[in-house]
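Comments concern the structure below.
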Amino acid sequence: MEYNELDRRRELVASLRDLADFIENVKGVPLPDSCSLSIYRGVLPFENGMHYGMDTKEGAALLADRIGTFNKAYTDSIVTFRKPFGEHASINWLMVRDQVCEKVQVGTVRKAAEPEQIIPAKPERDEPLYEWHCGSVKAHLPQPSSIDMPIEGEYLPQSPEPLQLVPGTGVGVITTEEGDDIPF
């Protein structure tokens with residue numbers, strides 16, 4: 001299937017409208033603190049038929065020109081252009097820093113000598129191994145007569161059962177009543 005930017009744009013806009021409708025109309029669920037969309041390794045079409053990856057100096061410059069005002073943030077390896085939309089929404093464009101920026105030595109810093117360190121050996125030992133057993137999520141739905149309404153300002157505790165982790169992977173899985181596994 002060939003990439004079609006117009007179709008992709010329409011699909012994304014429809015999905016965002018569905019999200020907004022859900023937030024607006026479904027009462028009784030926690031609201032997100034914020035909504036942030038992230039783009040990594042995006043491609044920018046240019047007027048001459050060329051396409052620039054965001055991870056190029058030309059692509060980053062073209063992106064900055066197109067999005068107008070934005071905030072810029074850095075880590076050791078990533079540059080982020082963040083465009084806020086009010087207090088609760090933003091779009092983040094993430095780029096590989098060493099491909100967008102130029103690393104320039106501007107001086108030197110004298111570092112103090114560090115003493116030699118010997119790392120002690122660890123003896124053979126048994127360490128605990130854990131699994132999470134969550135069972136059916138819907139089985140824990142409160143019955144209407146058992147719901148205690150909190151006093152205004154009272155803390156509402158979260159579910160006592162955390163999500164299940166797939167052993168050895170660090171990946172969580174939610175199993176729905178229909179048996180679908182949804183990795184997150």
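Identifiers in this document derive from the order of the structure tokens: chains are assigned A, B, ..., residues are numbered from 1 separately in each chain, and ligands are numbered from 1 in order of occurrence.
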Long-range neighbours of A:Thr56 as a list in words, 7 Å cut-off, only C-alpha atoms, 4 positions minimum in chain: Ala60, Gln99 and Val100 of chain A
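Distances to A:Asp76 were evaluated for A:Pro32, A:Val96, A:Pro128, A:Asp18 using only C-alpha atoms, and the minimum falls at A:Val96.
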Nearest to A:Glu102 by atom-to-atom distance, counting only C-alpha atoms, from A:Val13, A:Val29, A:Tyr40, A:Val79: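 Distance minimum relative to A:Glu102 lands on A:Val79.
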